[in-house]
Structures are given as C-alpha cells and as structure tokens.
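Participant: Input my_file.txt, format and content: compact mmCIF, C-alpha atoms.
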```
# COMPACT_ATOMS: atom_id res chain seq x y z
CA MET A 1 20.71 57.04 -187.00
CA TRP A 2 20.72 55.92 -183.39
CA LYS A 3 17.72 55.78 -181.04
CA CYS A 4 18.41 56.16 -177.32
CA PRO A 5 16.94 53.17 -175.49
CA GLY A 6 16.31 55.35 -172.42
CA CYS A 7 14.30 58.22 -173.86
CA GLY A 8 13.57 57.18 -177.44
CA ARG A 9 15.12 60.28 -179.03
CA VAL A 10 16.83 59.73 -182.37
CA PHE A 11 20.36 61.02 -183.08
CA LYS A 12 22.73 61.06 -186.01
CA ASN A 13 25.63 59.65 -183.94
CA THR A 14 25.65 56.34 -182.09
CA ASP A 15 25.67 56.79 -178.30
CA GLN A 16 25.13 60.56 -178.69
CA SER A 17 25.60 62.40 -175.40
CA HIS A 18 22.28 63.90 -174.27
CA TYR A 19 19.87 64.21 -171.35
CA CYS A 20 17.22 61.56 -171.08
CA LYS A 21 15.41 63.02 -168.12
CA GLU A 22 13.82 66.40 -167.73
CA ILE A 23 16.06 69.00 -166.11
CA LEU A 24 14.00 71.27 -163.85
CA SER A 25 16.61 73.64 -162.38
CA VAL A 26 20.08 75.00 -162.99
CA ASP A 27 21.24 73.18 -159.84
CA ALA A 28 20.00 69.89 -161.34
CA TYR A 29 21.61 70.68 -164.69
CA ILE A 30 25.01 71.33 -163.11
CA ALA A 31 24.73 68.27 -160.87
CA GLU A 32 24.23 66.07 -163.99
CA GLN A 33 27.51 67.23 -165.56
CA GLU A 34 30.95 65.66 -165.27
CA GLU A 35 32.50 66.38 -161.90
CA SER A 36 35.50 68.08 -163.53
CA VAL A 37 33.35 70.70 -165.32
CA ARG A 38 30.93 71.51 -162.47
CA PRO A 39 33.18 74.16 -160.85
CA LEU A 40 33.49 75.98 -164.19
CA LEU A 41 29.73 75.88 -164.70
CA GLU A 42 29.19 77.26 -161.20
CA LYS A 43 31.60 80.11 -161.99
CA VAL A 44 29.84 80.85 -165.29
CA ARG A 45 26.54 80.86 -163.41
CA ALA A 46 27.88 83.20 -160.71
CA CYS A 47 29.35 85.48 -163.36
CA ILE A 48 26.02 85.74 -165.19
CA ARG A 49 24.05 86.26 -161.99
CA ALA A 50 26.41 89.05 -160.89
CA ALA A 51 26.13 90.78 -164.26
CA ALA A 52 22.34 90.38 -164.42
CA PRO A 53 21.11 90.15 -160.82
CA GLU A 54 17.49 90.85 -161.79
CA ALA A 55 17.38 88.13 -164.44
CA GLU A 56 15.23 85.09 -163.80
CA GLU A 57 17.11 81.80 -163.80
CA ARG A 58 15.30 79.02 -165.65
CA ILE A 59 15.81 76.02 -167.91
CA SER A 60 15.02 76.55 -171.58
CA TRP A 61 16.06 74.31 -174.48
CA ARG A 62 17.44 71.99 -171.75
CA MET A 63 20.03 74.63 -170.79
CA PRO A 64 20.50 77.11 -167.97
CA THR A 65 18.88 80.31 -169.20
CA TYR A 66 18.73 83.85 -167.85
CA TRP A 67 15.62 85.76 -168.76
CA ARG A 68 14.58 89.38 -168.39
CA GLY A 69 11.65 90.06 -170.65
CA GLU A 70 13.40 87.81 -173.17
CA ASN A 71 16.25 85.33 -173.09
CA LEU A 72 19.48 87.11 -172.21
CA ILE A 73 21.87 84.18 -172.43
CA HIS A 74 22.05 80.39 -172.16
CA PHE A 75 25.00 78.14 -171.38
CA ALA A 76 25.61 74.41 -171.70
CA ALA A 77 28.33 71.86 -171.06
CA PHE A 78 29.72 69.66 -173.80
CA ARG A 79 32.53 67.13 -173.92
CA LYS A 80 35.23 69.62 -174.99
CA HIS A 81 33.69 73.04 -174.44
CA ILE A 82 31.13 75.19 -172.70
CA GLY A 83 28.61 76.64 -175.11
CA LEU A 84 27.54 80.23 -174.49
CA TYR A 85 24.44 81.48 -176.32
CA PRO A 86 24.07 85.28 -176.11
CA GLY A 87 22.49 85.70 -179.57
CA THR A 88 23.70 86.89 -182.94
CA GLU A 89 23.72 90.60 -182.08
CA ALA A 90 26.00 90.01 -179.10
CA THR A 91 28.43 87.78 -180.99
CA ALA A 92 28.58 90.40 -183.76
CA ALA A 93 29.15 93.26 -181.30
CA PHE A 94 31.93 91.34 -179.53
CA ALA A 95 33.40 89.72 -182.66
CA ASP A 96 36.85 91.28 -182.18
CA ARG A 97 37.12 90.09 -178.59
CA LEU A 98 35.76 86.63 -179.47
CA ALA A 99 38.18 86.17 -182.39
CA GLY A 100 40.03 83.30 -180.68
CA TYR A 101 36.86 81.25 -180.18
CA LYS A 102 34.62 79.25 -182.48
CA ILE A 103 31.51 81.35 -183.14
CA ALA A 104 28.39 80.45 -185.11
CA LYS A 105 24.82 81.84 -185.17
CA GLY A 106 24.89 83.56 -181.78
CA THR A 107 26.94 80.79 -180.18
CA VAL A 108 30.40 80.88 -178.63
CA GLN A 109 32.38 77.74 -177.82
CA LEU A 110 34.67 78.13 -174.82
CA PRO A 111 37.16 75.22 -174.95
CA LEU A 112 37.64 73.40 -171.67
CA ASP A 113 41.40 73.27 -172.22
CA LYS A 114 41.70 77.09 -172.12
CA PRO A 115 40.92 79.60 -169.35
CA VAL A 116 37.28 80.71 -169.34
CA PRO A 117 37.01 84.49 -169.99
CA PHE A 118 34.69 85.31 -167.09
CA ASP A 119 35.19 89.09 -167.43
CA LEU A 120 34.18 88.90 -171.09
CA ILE A 121 31.13 86.76 -170.25
CA ALA A 122 30.07 89.37 -167.68
CA GLU A 123 30.52 92.17 -170.20
CA ILE A 124 28.45 90.32 -172.81
CA VAL A 125 25.69 89.74 -170.25
CA ARG A 126 25.67 93.42 -169.23
CA TRP A 127 25.48 94.34 -172.92
CA ARG A 128 22.51 92.00 -173.35
CA VAL A 129 20.76 93.49 -170.30
CA SER A 130 21.31 96.97 -171.73
CA ALA A 131 19.99 95.89 -175.12
CA VAL A 132 16.85 94.41 -173.58
CA THR A 133 16.31 97.29 -171.15
CA ASP A 134 16.78 99.99 -173.78
CA LYS A 135 14.91 98.03 -176.47
CA ARG A 136 17.71 98.98 -178.81
CA ARG A 137 20.97 97.29 -179.64
CA PRO A 138 24.10 99.16 -178.53
CA GLU A 139 26.41 99.53 -181.49
CA GLN A 140 29.71 98.83 -179.74
CA PRO A 141 30.59 97.26 -176.39
CA SER A 142 32.37 99.53 -173.94
CA GLU A 143 36.11 98.98 -173.70
```
Using structure tokens, write down the structure from this file.
Facilitator:
Amino acid sequence: MWKCPGCGRVFKNTDQSHYCKEILSVDAYIAEQEESVRPLLEKVRACIRAAAPEAEERISWRMPTYWRGENLIHFAAFRKHIGLYPGTEATAAFADRLAGYKIAKGTVQLPLDKPVPFDLIAEIVRWRVSAVTDKRRPEQPSE
C-alpha cells in the first residue's frame, strides 16, 4: 500500500497516478492531462456535446460527466487509454461494435495507440439520450 504525500489517499500501487486536487470543471480536468492527450479529450468532449447538446456538463467521480436527468456518460484519461463509461446497458447494446476494445462493467477502454472511434462514441451517446428520454432501453442500436 502506498499513501500519497500530497493528498493522503492510499493506493495499492506505489506512485499511483491520481488527482490530488479537486477538479471543478471539464476545462480544468483536460488542462491537468498530458499535453499529448488533451486534443483527443477535447475531441471526445466535442463529440459528446454534439450528440447530447442539452446535457449538462459536470464533474462526477473526478471525471467529465454528461448528465440529463441521470448520468449519460463519463470519460477519463489514463496512461495508455481513454476510459469511456456509458453504463452496462450501452456496452451490452453495442457489444458487437465494441468487440475490438476491452470492456468491463459498463466501461470501454479506447487505447491511445489506435484511432478513437468518434462516430461510435456519438452513436452511443445518442442511444443513451434516447434511453433516458424514453425511460426505456432501446433493444438494438441503429445501424
């Protein structure tokens, strides 16, 4: 176990990457990331905002979050991937199209060494908006 001397949080791994200070906005979150990943995060953000223009942008669980009556989707930067968190129903509905990515419990890992599937992200977000708006879960994404 390792305790961060800056914030006092305890981690399994020594020198675990994390945020010591409170992140208050998506702009601040992106600004804290590695310079090389910031443009990708800005594109993910723009993609989500275009697909869900009425969603409120906020920070939840220390991640950029888009909310419309409930959380639609979160994203986060990691050393080797961007984590996308649309929920278990969305990852199940898009399982065929997400087959080339690591998926677990409503999470998708988008490796930084591969192109980011912005069109697929937008489609997942639109599906989430539809699910929240209709208060039912669409069975299949549109092709």
Participant: When you draw a straight line from atom CA of Leu84 of chain A to atom CA of Val108 of chain A, how long is it in Å?
Facilitator: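 Answer for the atom CA of Leu84 of chain A to atom CA of Val108 of chain A separation: 5.1 Å.
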Participant: Taking all atoms listed in the file into account, which of A:Ala99, A:Cys4, A:Ala76, A:Val10 comes nearest Val44 of chain A?
Facilitator: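 Looking at the shortest contact to Val44 of chain A, the residue is A:Ala76.
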Participant: Enter the distance from atom CA of Pro86 of chain A to atom CA of Ala104 of chain A, in Å, rounded to one decimal.
Facilitator: 11.1 Å
Participant: Contacts of Ile124 of chain A at 12 Å or less, counting all atoms listed in the file, minus same-chain residues fewer than 3 places along, as a PyMOL selection string?
Facilitator: chain A and resi 47-48+51-52+72-74+84-95+97-98+106+108+117-121+127-131+138+140-143
Participant: To one decimal place, how far is atom CA of Met1 of chain A from atom CA of Lys102 of chain A in Å?
Facilitator: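 One can read the atom CA of Met1 of chain A to atom CA of Lys102 of chain A distance as 26.6 Å.
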Participant: Restricting the calculation to only C-alpha atoms: of A:Pro39, A:Gly6, A:Pro53, A:Gly69, which residue gets closest to Leu112 of chain A?
Facilitator: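 That would be A:Pro39, the residue with the smallest distance to Leu112 of chain A.
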Participant: With distances taken over all atoms listed in the file, which of A:Val125, A:Pro64, A:Pro115, A:Ser17 is nearest to Arg79 of chain A?
Facilitator: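 Once distances to Arg79 of chain A are computed over all atoms listed in the file, the minimum belongs to A:Ser17.
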Participant: At a cut-off of 9 Å from (15.9, 86.6, -165.5) in the coordinates of the file, what residues are picked up using only C-alpha atoms, written as a ChimeraX atom specification?
Facilitator: /A:49,52-58,65-72
Participant: How would the residues just picked look written out with C-alpha atoms as a PDB file, keeping the file's coordinate frame?
Facilitator:
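Wrote result-v8.pdb, looks like this:
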```pdb
ATOM      1  CA  ARG A  49      24.050  86.260-161.990  1.00  0.00           C
ATOM      2  CA  ALA A  52      22.340  90.380-164.420  1.00  0.00           C
ATOM      3  CA  PRO A  53      21.110  90.150-160.820  1.00  0.00           C
ATOM      4  CA  GLU A  54      17.490  90.850-161.790  1.00  0.00           C
ATOM      5  CA  ALA A  55      17.380  88.130-164.440  1.00  0.00           C
ATOM      6  CA  GLU A  56      15.230  85.090-163.800  1.00  0.00           C
ATOM      7  CA  GLU A  57      17.110  81.800-163.800  1.00  0.00           C
ATOM      8  CA  ARG A  58      15.300  79.020-165.650  1.00  0.00           C
ATOM      9  CA  THR A  65      18.880  80.310-169.200  1.00  0.00           C
ATOM     10  CA  TYR A  66      18.730  83.850-167.850  1.00  0.00           C
ATOM     11  CA  TRP A  67      15.620  85.760-168.760  1.00  0.00           C
ATOM     12  CA  ARG A  68      14.580  89.380-168.390  1.00  0.00           C
ATOM     13  CA  GLY A  69      11.650  90.060-170.650  1.00  0.00           C
ATOM     14  CA  GLU A  70      13.400  87.810-173.170  1.00  0.00           C
ATOM     15  CA  ASN A  71      16.250  85.330-173.090  1.00  0.00           C
ATOM     16  CA  LEU A  72      19.480  87.110-172.210  1.00  0.00           C
TER      17      LEU A  72
END
```
Participant: Would you kindly return, as a list in words, each protein, DNA or RNA residue with an atom no farther than 9 Å from any atom of Gly83 of chain A, considering only C-alpha atoms and excluding same-chain residues fewer than 5 positions away?
Facilitator: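 My list of contacting residues is His74, Phe75, Ala76, Ala77, Phe78, Thr107, Val108, Gln109, Leu110 and Pro111 of chain A.
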Participant: Identify which of the residues A:Asp113, A:Ala28, A:Ile23, A:Lys3 lies closest to His81 of chain A, counting only C-alpha atoms when measuring atom-to-atom distances.
Facilitator: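 Of A:Asp113, A:Ala28, A:Ile23, A:Lys3, the one nearest His81 of chain A is A:Asp113, counting only C-alpha atoms.
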Participant: Draw an axis-aligned box tight on the listed atoms of segment 79-91 of chain A, then pad every side by 5 Å and write out centre and edge lengths in Å to one decimal as AutoDock Vina command-line options.
Facilitator:
```
--center_x 28.9 --center_y 78.9 --center_z -177.8 --size_x 22.7 --size_y 33.5 --size_z 20.2
```
